[in-house]
file work_39.cif (mmCIF, C-alpha atoms)
data_work
loop_
_atom_site.label_atom_id
_atom_site.label_comp_id
_atom_site.auth_asym_id
_atom_site.auth_seq_id
_atom_site.Cartn_x
_atom_site.Cartn_y
_atom_site.Cartn_z
CA MET A 1 48.83 44.74 116.52
CA TYR A 2 52.37 46.11 116.78
CA GLU A 3 52.50 46.66 113.01
CA GLN A 4 49.21 48.62 113.07
CA LEU A 5 50.45 50.80 115.97
CA ARG A 6 53.71 51.50 114.09
CA LYS A 7 51.79 52.62 110.98
CA ILE A 8 49.43 54.85 113.00
CA THR A 9 52.37 56.46 114.82
CA GLY A 10 54.20 57.01 111.54
CA GLY A 11 51.09 58.57 110.00
CA ILE A 12 50.65 60.95 112.95
CA LEU A 13 54.32 62.02 112.72
CA LEU A 14 54.03 62.58 108.96
CA VAL A 15 50.91 64.71 109.30
CA SER A 16 52.54 66.66 112.15
CA LEU A 17 55.61 67.38 110.05
CA LEU A 18 53.49 68.50 107.10
CA MET A 19 51.46 70.81 109.31
CA LEU A 20 54.62 72.14 110.94
CA SER A 21 56.23 72.88 107.58
CA VAL A 22 53.41 75.28 106.63
CA TYR A 23 53.20 76.80 110.11
CA LYS A 24 54.45 80.40 109.69
CA PRO A 25 56.40 80.70 112.99
CA PHE A 26 58.24 77.48 112.13
CA GLN A 27 59.05 78.74 108.63
CA GLN A 28 60.44 81.94 110.12
CA TYR A 29 62.44 79.94 112.67
CA ILE A 30 64.25 77.78 110.12
CA GLN A 31 65.03 80.89 108.04
CA ILE A 32 66.91 82.50 110.95
CA PRO A 33 70.61 81.95 110.17
CA ASN A 34 72.92 80.10 112.55
CA SER A 35 75.53 82.82 112.14
CA ILE A 36 75.55 86.50 111.11
CA THR A 37 78.48 88.70 110.11
CA LEU A 38 78.27 92.48 110.48
CA PHE A 39 80.65 95.40 110.19
CA GLU A 40 80.98 97.96 112.98
CA GLY A 41 78.05 100.37 112.74
CA GLN A 42 76.07 98.15 110.38
CA GLU A 43 72.47 97.21 111.13
CA GLN A 44 70.54 94.11 110.09
CA SER A 45 66.97 92.99 110.70
CA ILE A 46 65.87 89.36 111.14
CA ALA A 47 62.21 88.31 110.90
CA LYS A 48 60.87 86.18 113.77
CA ALA A 49 57.61 84.89 115.16
CA SER A 50 55.94 86.77 118.01
CA ALA A 51 56.33 83.73 120.28
CA VAL A 52 60.12 83.92 120.02
CA SER A 53 62.10 86.06 122.45
CA VAL A 54 65.83 86.81 122.37
CA PHE A 55 68.58 87.60 124.87
CA ASN A 56 72.34 88.05 124.88
CA PRO A 57 73.97 85.74 127.44
CA SER A 58 77.32 87.56 127.36
CA SER A 59 78.31 90.80 128.98
CA SER A 60 80.23 92.03 125.94
CA GLU A 61 79.23 95.15 124.04
CA ASN A 62 80.01 93.87 120.56
CA ILE A 63 76.38 93.99 119.45
CA GLY A 64 73.21 95.85 120.28
CA PHE A 65 69.71 94.62 119.48
CA GLN A 66 66.10 95.66 119.69
CA GLU A 67 63.22 93.23 119.64
CA SER A 68 59.72 93.66 118.29
CA GLU A 69 56.97 91.09 117.78
CA GLN A 70 57.99 90.44 114.17
CA ALA A 71 61.74 91.15 114.03
CA ILE A 72 65.12 91.45 115.74
CA SER A 73 67.13 94.53 114.82
CA LEU A 74 70.87 93.96 115.23
CA GLN A 75 73.65 96.53 115.27
CA GLY A 76 77.38 95.87 115.15
CA LYS A 77 79.08 98.02 117.79
CA PHE A 78 82.63 96.77 118.30
CA ALA A 79 84.73 94.19 116.44
CA GLY A 80 84.54 90.76 118.04
CA LYS A 81 82.37 87.69 118.44
CA ASP A 82 79.08 87.47 120.29
CA LYS A 83 75.91 85.39 120.34
CA LEU A 84 72.16 85.60 120.80
CA ILE A 85 69.89 82.95 122.29
CA LEU A 86 66.35 82.51 120.93
CA GLU A 87 63.70 81.23 123.32
CA ILE A 88 60.13 80.01 123.14
CA ALA A 89 58.18 80.02 126.42
CA GLY A 90 61.45 80.39 128.33
CA PHE A 91 63.13 77.41 126.69
CA PRO A 92 66.25 78.06 124.53
CA VAL A 93 65.67 76.76 120.99
CA LYS A 94 68.48 78.28 118.92
CA GLN A 95 71.83 80.03 119.19
CA VAL A 96 72.84 82.63 116.61
CA ASP A 97 76.57 83.40 116.47
CA VAL A 98 77.35 87.02 115.59
CA ASN A 99 80.72 88.13 114.23
CA VAL A 100 81.36 91.88 114.12
CA LEU A 101 84.18 92.93 111.78
CA LYS A 102 86.23 96.10 111.88
CA ASN A 103 84.81 98.92 109.79
CA PHE A 104 86.70 98.42 106.53
CA LYS A 105 86.86 100.75 103.52
CA ILE A 106 88.61 100.64 100.15
CA GLN A 107 88.99 103.08 97.28
CA PRO A 108 86.79 102.17 94.26
CA GLY A 109 88.47 102.07 90.84
CA GLY A 110 86.88 102.23 87.40
CA GLN A 111 90.00 103.52 85.60
CA SER A 112 91.13 101.94 82.34
CA ILE A 113 94.53 100.30 82.81
CA GLY A 114 97.11 98.77 80.53
CA VAL A 115 98.41 95.39 81.62
CA LYS A 116 101.73 93.74 80.81
CA LEU A 117 102.53 90.28 82.15
CA ASN A 118 105.95 88.68 82.07
CA THR A 119 105.74 84.90 82.12
CA LEU A 120 107.70 82.58 84.37
CA GLY A 121 110.37 81.58 81.85
CA VAL A 122 109.16 81.33 78.23
CA LEU A 123 105.80 79.89 77.28
CA VAL A 124 105.47 77.31 74.49
CA VAL A 125 102.56 78.38 72.27
CA GLY A 126 103.04 76.05 69.29
CA HIS A 127 105.27 73.73 67.23
CA HIS A 128 106.80 74.23 63.79
CA LEU A 129 108.79 72.06 61.39
CA VAL A 130 112.48 72.61 60.75
CA SER A 131 113.74 71.92 57.20
CA ALA A 132 116.74 69.78 58.17
CA ASN A 133 118.98 67.52 56.04
CA ASN A 134 116.98 64.42 56.94
CA GLY A 135 113.56 65.98 56.31
CA LYS A 136 111.12 68.22 58.09
CA LEU A 137 110.54 67.66 61.79
CA SER A 138 110.10 69.53 65.09
CA PRO A 139 112.81 68.88 67.71
CA GLY A 140 110.51 70.30 70.40
CA GLU A 141 107.67 67.94 69.50
CA ALA A 142 110.13 65.01 69.37
CA ALA A 143 111.21 65.92 72.91
CA GLU A 144 107.50 65.67 73.92
CA ILE A 145 107.28 69.34 74.87
CA LYS A 146 103.63 70.40 74.75
CA VAL A 147 101.78 73.62 74.07
CA GLY A 148 101.33 75.39 77.40
CA ASP A 149 104.63 74.13 78.84
CA ILE A 150 106.98 76.71 80.35
CA ILE A 151 110.74 76.49 79.81
CA THR A 152 112.17 77.78 83.08
CA SER A 153 115.88 77.01 82.59
CA ILE A 154 118.35 75.78 79.97
CA ASN A 155 121.54 73.97 80.98
CA GLY A 156 120.88 75.02 84.58
CA LYS A 157 120.60 78.74 83.75
CA LYS A 158 117.34 80.56 84.54
CA ILE A 159 115.44 81.81 81.48
CA ASN A 160 113.78 85.20 81.91
CA ASN A 161 112.81 86.08 78.33
CA MET A 162 113.06 85.02 74.71
CA ALA A 163 116.39 86.80 74.20
CA ASP A 164 117.96 84.40 76.72
CA VAL A 165 117.13 81.35 74.58
CA ALA A 166 118.92 82.09 71.26
CA PRO A 167 122.55 81.92 72.51
CA PHE A 168 121.95 78.48 74.06
CA VAL A 169 120.32 77.17 70.86
CA ASP A 170 123.10 78.44 68.63
CA GLU A 171 125.88 77.03 70.84
CA ALA A 172 124.21 73.62 71.23
CA GLY A 173 123.58 73.39 67.49
CA LYS A 174 127.21 74.16 66.58
CA LYS A 175 128.60 71.74 69.17
CA GLY A 176 126.04 69.05 68.37
CA LYS A 177 125.15 68.71 72.06
CA PRO A 178 121.52 68.56 73.29
CA LEU A 179 120.10 71.21 75.58
CA ALA A 180 119.03 70.27 79.11
CA LEU A 181 115.62 71.91 79.62
CA SER A 182 113.67 72.39 82.84
CA ILE A 183 109.95 72.34 82.09
CA GLN A 184 106.94 73.33 84.16
CA ARG A 185 103.64 71.80 83.08
CA GLY A 186 100.88 72.98 85.38
CA THR A 187 102.06 71.99 88.87
CA GLU A 188 104.43 69.33 87.48
CA LYS A 189 108.15 70.00 86.92
CA PHE A 190 110.47 67.78 84.93
CA GLU A 191 113.69 67.69 82.90
CA THR A 192 114.09 66.82 79.21
CA SER A 193 116.73 67.14 76.49
CA LEU A 194 116.38 68.70 73.05
CA GLN A 195 118.81 68.78 70.14
CA PRO A 196 118.42 71.92 67.96
CA LEU A 197 118.47 71.34 64.19
CA LEU A 198 119.93 73.50 61.45
CA ASP A 199 117.22 74.93 59.21
CA GLN A 200 118.59 74.63 55.66
CA LYS A 201 116.52 77.56 54.41
CA GLU A 202 117.32 80.07 57.13
CA LYS A 203 120.78 78.68 58.01
CA ALA A 204 120.01 78.97 61.71
CA TYR A 205 119.53 76.42 64.48
CA LYS A 206 115.93 75.93 65.59
CA LEU A 207 113.99 74.32 68.44
CA GLY A 208 110.85 73.72 66.38
CA LEU A 209 108.89 75.66 69.02
CA TYR A 210 106.96 78.91 69.02
CA ILE A 211 107.61 80.67 72.34
CA ARG A 212 106.46 83.85 74.05
CA ASP A 213 107.64 85.68 77.16
CA SER A 214 104.98 88.32 77.77
CA ALA A 215 101.37 89.31 77.20
CA ALA A 216 99.66 92.71 77.10
CA GLY A 217 96.10 94.01 77.13
CA ILE A 218 93.71 96.37 78.84
CA GLY A 219 91.24 96.07 81.69
CA THR A 220 89.66 98.01 84.52
CA MET A 221 90.88 98.76 88.04
CA THR A 222 88.48 97.46 90.70
CA PHE A 223 89.83 98.80 94.00
CA TYR A 224 92.87 99.65 96.03
CA ASP A 225 93.51 99.81 99.76
CA PRO A 226 94.73 103.31 100.71
CA LYS A 227 96.71 101.89 103.66
CA SER A 228 98.56 98.95 102.13
CA LYS A 229 98.41 100.17 98.49
CA LYS A 230 97.30 96.66 97.50
CA TYR A 231 94.92 96.60 94.53
CA GLY A 232 92.72 94.25 92.53
CA ALA A 233 91.66 94.49 88.88
CA LEU A 234 89.96 92.58 86.04
CA GLY A 235 88.03 90.10 88.23
CA HIS A 236 89.13 87.10 86.12
CA VAL A 237 92.31 85.29 85.15
CA ILE A 238 94.41 86.35 82.14
CA SER A 239 94.91 83.38 79.82
CA ASP A 240 97.28 83.06 76.86
CA MET A 241 95.39 83.66 73.62
CA ASP A 242 96.99 80.65 71.91
CA THR A 243 97.14 78.02 74.65
CA LYS A 244 93.95 79.23 76.43
CA LYS A 245 95.71 78.44 79.70
CA PRO A 246 96.24 80.86 82.62
CA ILE A 247 99.54 82.72 82.35
CA VAL A 248 101.97 81.84 85.14
CA VAL A 249 103.30 85.25 86.17
CA GLU A 250 106.93 86.02 86.99
CA ASP A 251 106.11 89.70 87.34
CA GLY A 252 104.20 92.43 85.53
CA GLN A 253 103.23 96.07 85.42
CA ILE A 254 100.12 98.19 85.07
CA VAL A 255 100.06 101.59 83.37
CA LYS A 256 97.37 104.16 82.69
CA SER A 257 95.49 103.70 79.43
CA THR A 258 93.12 105.77 77.29
CA VAL A 259 90.01 104.36 75.61
CA THR A 260 90.07 105.44 71.97
CA SER A 261 86.91 103.77 70.61
CA ILE A 262 84.32 101.09 71.28
CA GLU A 263 83.30 98.12 69.16
CA LYS A 264 79.67 97.60 70.20
CA GLY A 265 78.58 94.18 71.33
CA LYS A 266 75.74 92.24 69.74
CA ASN A 267 74.23 88.80 70.15
CA GLY A 268 76.88 86.18 69.47
CA ALA A 269 79.71 88.74 69.21
CA PRO A 270 80.89 90.49 72.39
CA GLY A 271 82.12 94.04 71.89
CA GLU A 272 85.48 95.46 72.87
CA LYS A 273 87.12 98.58 74.27
CA LEU A 274 89.95 99.78 72.04
CA ALA A 275 92.60 101.59 74.06
CA ARG A 276 96.22 102.65 74.04
CA PHE A 277 98.76 102.77 76.83
CA SER A 278 99.56 106.25 78.17
CA SER A 279 102.18 108.01 76.06
CA ASP A 280 104.77 108.08 78.84
CA ARG A 281 103.99 104.43 79.77
CA GLU A 282 104.54 105.36 83.40
CA VAL A 283 104.25 102.24 85.55
CA ILE A 284 101.68 102.86 88.30
CA GLY A 285 101.85 99.43 89.91
CA ASN A 286 103.26 95.93 89.77
CA ILE A 287 101.56 92.58 89.18
CA THR A 288 102.39 89.72 91.52
CA THR A 289 99.38 87.44 91.06
CA ASN A 290 97.24 86.29 88.13
CA SER A 291 94.36 84.26 89.58
CA PRO A 292 90.77 83.27 88.71
CA PHE A 293 89.70 86.40 90.62
CA GLY A 294 91.86 88.88 88.70
CA ILE A 295 95.30 90.43 88.83
CA PHE A 296 96.77 91.75 92.06
CA GLY A 297 99.79 93.66 93.29
CA LYS A 298 100.70 97.05 94.76
CA LEU A 299 100.33 100.57 93.42
CA HIS A 300 103.33 102.89 93.25
CA GLN A 301 101.18 106.00 93.46
CA LYS A 302 97.75 107.20 94.51
CA ILE A 303 95.10 107.17 91.78
CA SER A 304 91.61 108.70 91.71
CA ASN A 305 88.53 108.09 89.58
CA GLY A 306 86.88 111.53 89.83
CA VAL A 307 83.51 110.03 90.78
CA PHE A 308 83.95 108.45 94.22
CA ASP A 309 87.28 109.71 95.50
CA LYS A 310 86.80 108.69 99.11
CA PRO A 311 87.14 105.16 100.51
CA MET A 312 83.86 103.24 100.61
CA PRO A 313 82.65 100.35 102.78
CA ILE A 314 82.21 96.90 101.28
CA ALA A 315 79.36 94.39 101.35
CA LEU A 316 79.92 90.69 102.01
CA SER A 317 78.44 88.16 99.60
CA ASN A 318 75.46 87.48 101.88
CA GLN A 319 74.70 91.23 102.09
CA VAL A 320 74.32 91.84 98.35
CA LYS A 321 70.70 92.29 97.26
CA GLU A 322 68.90 91.84 93.97
CA GLY A 323 67.95 95.21 92.54
CA PRO A 324 69.50 98.50 91.37
CA ALA A 325 73.27 99.06 91.39
CA GLN A 326 75.91 100.95 89.42
CA ILE A 327 79.21 100.18 87.74
CA LEU A 328 82.17 102.52 87.34
CA THR A 329 83.99 102.31 84.01
CA VAL A 330 85.56 104.28 81.14
CA VAL A 331 84.08 104.30 77.63
CA ASP A 332 85.73 107.46 76.32
CA GLY A 333 89.23 108.76 77.01
CA ASN A 334 90.13 108.62 80.70
CA LYS A 335 86.81 109.72 82.22
CA VAL A 336 85.33 107.31 84.76
CA GLU A 337 81.53 107.43 84.83
CA ALA A 338 78.79 105.64 86.79
CA TYR A 339 76.20 103.61 84.85
CA ASP A 340 73.01 101.93 86.08
CA ILE A 341 72.73 98.14 86.20
CA GLU A 342 70.41 95.63 87.83
CA ILE A 343 71.58 92.76 90.04
CA VAL A 344 69.40 89.98 88.62
CA SER A 345 70.55 87.29 91.04
CA THR A 346 73.18 86.88 93.74
CA ILE A 347 74.56 83.86 95.56
CA PRO A 348 75.57 84.29 99.24
CA GLN A 349 78.75 82.23 98.91
CA LYS A 350 80.53 80.74 101.92
CA PHE A 351 83.65 79.91 99.91
CA PRO A 352 85.46 81.79 97.11
CA ALA A 353 83.87 81.37 93.66
CA THR A 354 84.11 83.52 90.56
CA LYS A 355 80.47 83.71 89.44
CA GLY A 356 78.62 85.17 92.38
CA MET A 357 76.21 87.56 90.65
CA VAL A 358 74.26 87.89 87.42
CA LEU A 359 73.87 91.51 86.32
CA LYS A 360 72.14 93.37 83.53
CA VAL A 361 72.99 96.78 82.06
CA VAL A 362 69.91 99.02 82.10
CA ASP A 363 71.60 102.40 81.51
CA SER A 364 70.41 103.76 78.13
CA THR A 365 73.59 105.83 77.66
CA LEU A 366 75.90 102.86 78.19
CA LEU A 367 73.75 100.61 76.00
CA SER A 368 73.89 103.14 73.17
CA LYS A 369 77.69 103.41 73.45
CA THR A 370 78.69 99.79 74.01
CA GLY A 371 75.63 97.57 73.57
CA GLY A 372 76.19 96.34 77.13
CA ILE A 373 79.25 94.64 78.63
CA VAL A 374 82.33 94.61 76.40
CA GLN A 375 85.85 93.22 76.65
CA GLY A 376 88.03 95.62 78.62
CA MET A 377 85.18 96.36 81.02
CA SER A 378 86.15 93.41 83.22
CA GLY A 379 87.04 94.65 86.68
CA SER A 380 84.60 97.57 86.66
CA PRO A 381 83.57 97.95 90.32
CA ILE A 382 79.92 97.41 91.24
CA ILE A 383 78.40 99.84 93.76
CA GLN A 384 75.16 99.19 95.65
CA ASN A 385 73.71 101.30 98.47
CA GLY A 386 76.97 103.18 98.92
CA LYS A 387 79.07 100.00 99.19
CA ILE A 388 81.46 98.18 96.86
CA ILE A 389 79.95 94.74 96.31
CA GLY A 390 82.05 93.27 93.49
CA ALA A 391 83.30 93.58 89.93
CA VAL A 392 82.10 92.82 86.40
CA THR A 393 83.85 89.68 85.07
CA HIS A 394 82.21 88.10 82.00
CA VAL A 395 79.62 88.93 79.36
CA PHE A 396 76.96 86.52 78.11
CA VAL A 397 77.87 85.82 74.48
CA ASN A 398 74.25 85.58 73.39
CA ASP A 399 73.16 88.62 75.42
CA PRO A 400 75.78 91.39 75.71
CA THR A 401 73.54 93.39 78.04
CA SER A 402 74.08 90.75 80.75
CA GLY A 403 76.98 89.01 82.43
CA TYR A 404 78.57 87.76 85.63
CA GLY A 405 80.10 89.53 88.59
CA VAL A 406 82.44 88.38 91.35
CA HIS A 407 81.92 89.33 94.99
CA ILE A 408 84.44 91.85 96.35
CA GLU A 409 85.01 89.63 99.38
CA TRP A 410 86.94 87.10 97.28
CA MET A 411 88.98 89.70 95.38
CA LEU A 412 90.12 91.19 98.71
CA HIS A 413 91.15 87.74 99.88
CA GLU A 414 93.22 87.20 96.71
CA ALA A 415 94.84 90.60 97.19
CA GLY A 416 96.07 89.51 100.61
CA ILE A 417 93.72 91.83 102.50
CA ASN A 418 92.25 90.14 105.57
CA ILE A 419 88.94 91.76 106.45
CA TYR A 420 88.45 89.14 109.21
CA GLU A 421 91.60 90.21 111.06
CA LYS A 422 91.14 89.93 114.79
CA THR A 423 91.42 93.03 116.90
CA ALA A 424 93.61 93.07 119.96
CA GLU A 425 91.87 92.21 123.22
CA LYS A 426 90.95 95.18 125.35
CA ALA A 427 93.14 95.67 128.42
CA SER A 428 91.42 94.82 131.64
#
call {"tool": "encode", "arguments": {"input": "work_39.cif", "output": "structure tokens"}}
result
Amino acid sequence: MYEQLRKITGGILLVSLLMLSVYKPFQQYIQIPNSITLFEGQEQSIAKASAVSVFNPSSSENIGFQESEQAISLQGKFAGKDKLILEIAGFPVKQVDVNVLKNFKIQPGGQSIGVKLNTLGVLVVGHHLVSANNGKLSPGEAAEIKVGDIITSINGKKINNMADVAPFVDEAGKKGKPLALSIQRGTEKFETSLQPLLDQKEKAYKLGLYIRDSAAGIGTMTFYDPKSKKYGALGHVISDMDTKKPIVVEDGQIVKSTVTSIEKGKNGAPGEKLARFSSDREVIGNITTNSPFGIFGKLHQKISNGVFDKPMPIALSNQVKEGPAQILTVVDGNKVEAYDIEIVSTIPQKFPATKGMVLKVVDSTLLSKTGGIVQGMSGSPIIQNGKIIGAVTHVFVNDPTSGYGVHIEWMLHEAGINIYEKTAEKAS
């Protein structure tokens, strides 16, 4: 008897749940978010069932709202935190936390920039054999130094560039004493010794290592903050072309650059912007960070793009919509132009991630010039509904008209710009 009653009860609950899941007011209820973030002055509408009513239990003026049978219209008034309570027949059923952020604006980029990175120490990019008396071998490989390692000091002296290495190698070779090397491998640091060998052909002492101390290329400026002069560009990490590993930056510079020609992209072969650094090579900013979200630092001077020369508001990842948008980029000379794209999909991310949007170039002019997204276009800011929403990062190899974008929210975070900064409490 008990077993039959248990089965009947279970069946009733199952049917009730199935009916509830297709009940429209219930569907609308579960779609109402637990928390909402708005900027000052921003409005947002939330669908609701007619049976649901809403009230604000606090006396603060951070938010305003209007209620209709089918929706709640919210407006961010003042920066701060607030909440709404949803009720059915007078009984509270859900709390929605509302966070209103200060009205924040940044200057959009789009300019072509030249990038020069100076590595932390010297980067090992390969091994080579030294023709010594006892045969051909690589002292660096024998010392178990790997491609991608960074030599940060020799005999206790900091190494800044390749020119610093040669005197140590020559002296150690002549004295027959091994070098004491400090190596950084990823996050690991260790010490090793290496004895240079005399190359019988070149009559010079060698490490048996190929090393490099800098890297250069071009990209696109994404934004800068007019107040702090902090900027973000590229939207992705710069990796060494030989080791394929992210470059650990000691410092770096950005300069203005001019696009000279375009190699159009096609399926299986991404295109490329060909550009040269400005003739005076005037440094317009430094580089302090090379991260998965781009390069970051501070500008030394104000720059403008000639298209949108006033600061613009931003959109958070959950506020980006599928549909029309534009990118700002240079395909000829120094002229920044706006081109139409489509946001194919977007992910409202709660935590920083690099691939937040899929976009497609639909502008016939840009397609005719570039074939779609090309190398050097990374960092081009994406504009939607008068807001900066992110930057172009990668192209699809098999479809150069499409690629990924990163949300601006995460680039700002990497730049050290806190859009969630709390405002001071009002005096009583």
call {"tool": "resolve_selection", "arguments": {"input": "work_39.cif", "expression": "the PyMOL selection byres ((chain A and resi 130) around 8)", "output": "VMD selection string"}}
result
chain A and resid 128 to 129 131 to 132 136 to 139 197 to 199 206 208
call {"tool": "write_last_selection", "arguments": {"input": "work_39.cif", "atoms": "C-alpha atoms", "output": "compact mmCIF listing (two decimals), in the frame of the given file"}}
result
# COMPACT_ATOMS: atom_id res chain seq x y z
CA HIS A 128 106.80 74.23 63.79
CA LEU A 129 108.79 72.06 61.39
CA SER A 131 113.74 71.92 57.20
CA ALA A 132 116.74 69.78 58.17
CA LYS A 136 111.12 68.22 58.09
CA LEU A 137 110.54 67.66 61.79
CA SER A 138 110.10 69.53 65.09
CA PRO A 139 112.81 68.88 67.71
CA LEU A 197 118.47 71.34 64.19
CA LEU A 198 119.93 73.50 61.45
CA ASP A 199 117.22 74.93 59.21
CA LYS A 206 115.93 75.93 65.59
CA GLY A 208 110.85 73.72 66.38
call {"tool": "residues_around", "arguments": {"input": "work_39.cif", "residues": "Asn56 (chain A)", "least_positions_apart": "3", "cutoff": "10 Å", "atoms": "all atoms listed in the file", "output": "JSON, numbers by chain"}}
result
{"A": [59, 60, 61, 63, 64, 65, 82, 83, 84, 85, 86, 95, 96]}
call {"tool": "resolve_selection", "arguments": {"input": "work_39.cif", "expression": "the PyMOL selection byres ((chain A and resi 406) around 9)", "output": "MDAnalysis selection string"}}
result
chainID A and resid 235:236 293 353:357 389:393 404:405 407:411
call {"tool": "resolve_selection", "arguments": {"input": "work_39.cif", "expression": "the PyMOL selection byres ((chain A and resi 68) around 10)", "output": "list of chain:residue names"}}
result
A:Ala47, A:Lys48, A:Ala49, A:Ser50, A:Val52, A:Ser53, A:Gln66, A:Glu67, A:Glu69, A:Gln70, A:Ala71, A:Ile72, A:Ser73
call {"tool": "atom_distance", "arguments": {"input": "work_39.cif", "atom1": "CA of Val259 (chain A)", "atom2": "CA of Ala275 (chain A)"}}
result
4.1 Å
call {"tool": "closest_residue", "arguments": {"input": "work_39.cif", "among": "A:Pro400, A:Gly265, A:Pro292, A:Pro352", "to": "Ser239 (chain A)", "atoms": "all atoms listed in the file"}}
result
A:Pro292
call {"tool": "closest_residue", "arguments": {"input": "work_39.cif", "among": "A:Gly268, A:Gly121, A:Gly297, A:Gly156", "to": "Asp213 (chain A)", "atoms": "all atoms listed in the file"}}
result
A:Gly121
call {"tool": "closest_residue", "arguments": {"input": "work_39.cif", "among": "A:Leu179, A:Asp164, A:Glu171, A:Lys350", "to": "Tyr205 (chain A)", "atoms": "all atoms listed in the file"}}
result
A:Glu171
call {"tool": "atom_distance", "arguments": {"input": "work_39.cif", "atom1": "CA of Asn267 (chain A)", "atom2": "CA of Val358 (chain A)"}}
result
17.3 Å
call {"tool": "residues_around", "arguments": {"input": "work_39.cif", "residues": "Leu101 (chain A)", "least_positions_apart": "2", "cutoff": "7 Å", "atoms": "all atoms listed in the file", "output": "VMD selection string"}}
result
chain A and resid 38 to 40 79 to 80 99 103 420
call {"tool": "closest_residue", "arguments": {"input": "work_39.cif", "among": "A:Thr220, A:Thr329, A:Ser279, A:Ser35", "to": "Ala233 (chain A)", "atoms": "only C-alpha atoms"}}
result
A:Thr220
call {"tool": "residues_near_point", "arguments": {"input": "work_39.cif", "point": "(88.3, 103.4, 83.7)", "cutoff": "12 Å", "atoms": "all atoms listed in the file", "output": "ChimeraX atom specification"}}
result
/A:108-114,218-223,233-234,255-259,273,275,303-307,327-338,376-381
call {"tool": "write_last_selection", "arguments": {"input": "work_39.cif", "atoms": "C-alpha atoms", "output": "CSV table (one decimal), in the frame of the given file"}}
result
chain,number,residue,atom,x,y,z
A,108,PRO,CA,86.8,102.2,94.3
A,109,GLY,CA,88.5,102.1,90.8
A,110,GLY,CA,86.9,102.2,87.4
A,111,GLN,CA,90.0,103.5,85.6
A,112,SER,CA,91.1,101.9,82.3
A,113,ILE,CA,94.5,100.3,82.8
A,114,GLY,CA,97.1,98.8,80.5
A,218,ILE,CA,93.7,96.4,78.8
A,219,GLY,CA,91.2,96.1,81.7
A,220,THR,CA,89.7,98.0,84.5
A,221,MET,CA,90.9,98.8,88.0
A,222,THR,CA,88.5,97.5,90.7
A,223,PHE,CA,89.8,98.8,94.0
A,233,ALA,CA,91.7,94.5,88.9
A,234,LEU,CA,90.0,92.6,86.0
A,255,VAL,CA,100.1,101.6,83.4
A,256,LYS,CA,97.4,104.2,82.7
A,257,SER,CA,95.5,103.7,79.4
A,258,THR,CA,93.1,105.8,77.3
A,259,VAL,CA,90.0,104.4,75.6
A,273,LYS,CA,87.1,98.6,74.3
A,275,ALA,CA,92.6,101.6,74.1
A,303,ILE,CA,95.1,107.2,91.8
A,304,SER,CA,91.6,108.7,91.7
A,305,ASN,CA,88.5,108.1,89.6
A,306,GLY,CA,86.9,111.5,89.8
A,307,VAL,CA,83.5,110.0,90.8
A,327,ILE,CA,79.2,100.2,87.7
A,328,LEU,CA,82.2,102.5,87.3
A,329,THR,CA,84.0,102.3,84.0
A,330,VAL,CA,85.6,104.3,81.1
A,331,VAL,CA,84.1,104.3,77.6
A,332,ASP,CA,85.7,107.5,76.3
A,333,GLY,CA,89.2,108.8,77.0
A,334,ASN,CA,90.1,108.6,80.7
A,335,LYS,CA,86.8,109.7,82.2
A,336,VAL,CA,85.3,107.3,84.8
A,337,GLU,CA,81.5,107.4,84.8
A,338,ALA,CA,78.8,105.6,86.8
A,376,GLY,CA,88.0,95.6,78.6
A,377,MET,CA,85.2,96.4,81.0
A,378,SER,CA,86.2,93.4,83.2
A,379,GLY,CA,87.0,94.6,86.7
A,380,SER,CA,84.6,97.6,86.7
A,381,PRO,CA,83.6,98.0,90.3
call {"tool": "residues_around", "arguments": {"input": "work_39.cif", "residues": "Pro167 (chain A)", "least_positions_apart": "4", "cutoff": "12 Å", "atoms": "only C-alpha atoms", "output": "PDB file with C-alpha atoms, in the coordinates of the input"}}
result
ATOM      1  CA  ILE A 154     118.350  75.780  79.970  1.00  0.00           C
ATOM      2  CA  ASN A 155     121.540  73.970  80.980  1.00  0.00           C
ATOM      3  CA  LYS A 157     120.600  78.740  83.750  1.00  0.00           C
ATOM      4  CA  ILE A 159     115.440  81.810  81.480  1.00  0.00           C
ATOM      5  CA  MET A 162     113.060  85.020  74.710  1.00  0.00           C
ATOM      6  CA  ALA A 163     116.390  86.800  74.200  1.00  0.00           C
ATOM      7  CA  GLU A 171     125.880  77.030  70.840  1.00  0.00           C
ATOM      8  CA  ALA A 172     124.210  73.620  71.230  1.00  0.00           C
ATOM      9  CA  GLY A 173     123.580  73.390  67.490  1.00  0.00           C
ATOM     10  CA  LYS A 174     127.210  74.160  66.580  1.00  0.00           C
ATOM     11  CA  LEU A 179     120.100  71.210  75.580  1.00  0.00           C
ATOM     12  CA  PRO A 196     118.420  71.920  67.960  1.00  0.00           C
ATOM     13  CA  ALA A 204     120.010  78.970  61.710  1.00  0.00           C
ATOM     14  CA  TYR A 205     119.530  76.420  64.480  1.00  0.00           C
ATOM     15  CA  LYS A 206     115.930  75.930  65.590  1.00  0.00           C
TER      16      LYS A 206
END
call {"tool": "closest_residue", "arguments": {"input": "work_39.cif", "among": "A:Leu359, A:Ile314, A:Ile247, A:Ile287", "to": "Ile388 (chain A)", "atoms": "all atoms listed in the file"}}
result
A:Ile314
call {"tool": "atom_distance", "arguments": {"input": "work_39.cif", "atom1": "CA of Thr365 (chain A)", "atom2": "CA of Ala216 (chain A)"}}
result
29.2 Å
call {"tool": "residues_around", "arguments": {"input": "work_39.cif", "residues": "Tyr339 (chain A)", "least_positions_apart": "5", "cutoff": "10 Å", "atoms": "all atoms listed in the file", "output": "PyMOL selection string"}}
result
chain A and resi 325-329+361-367+382-383
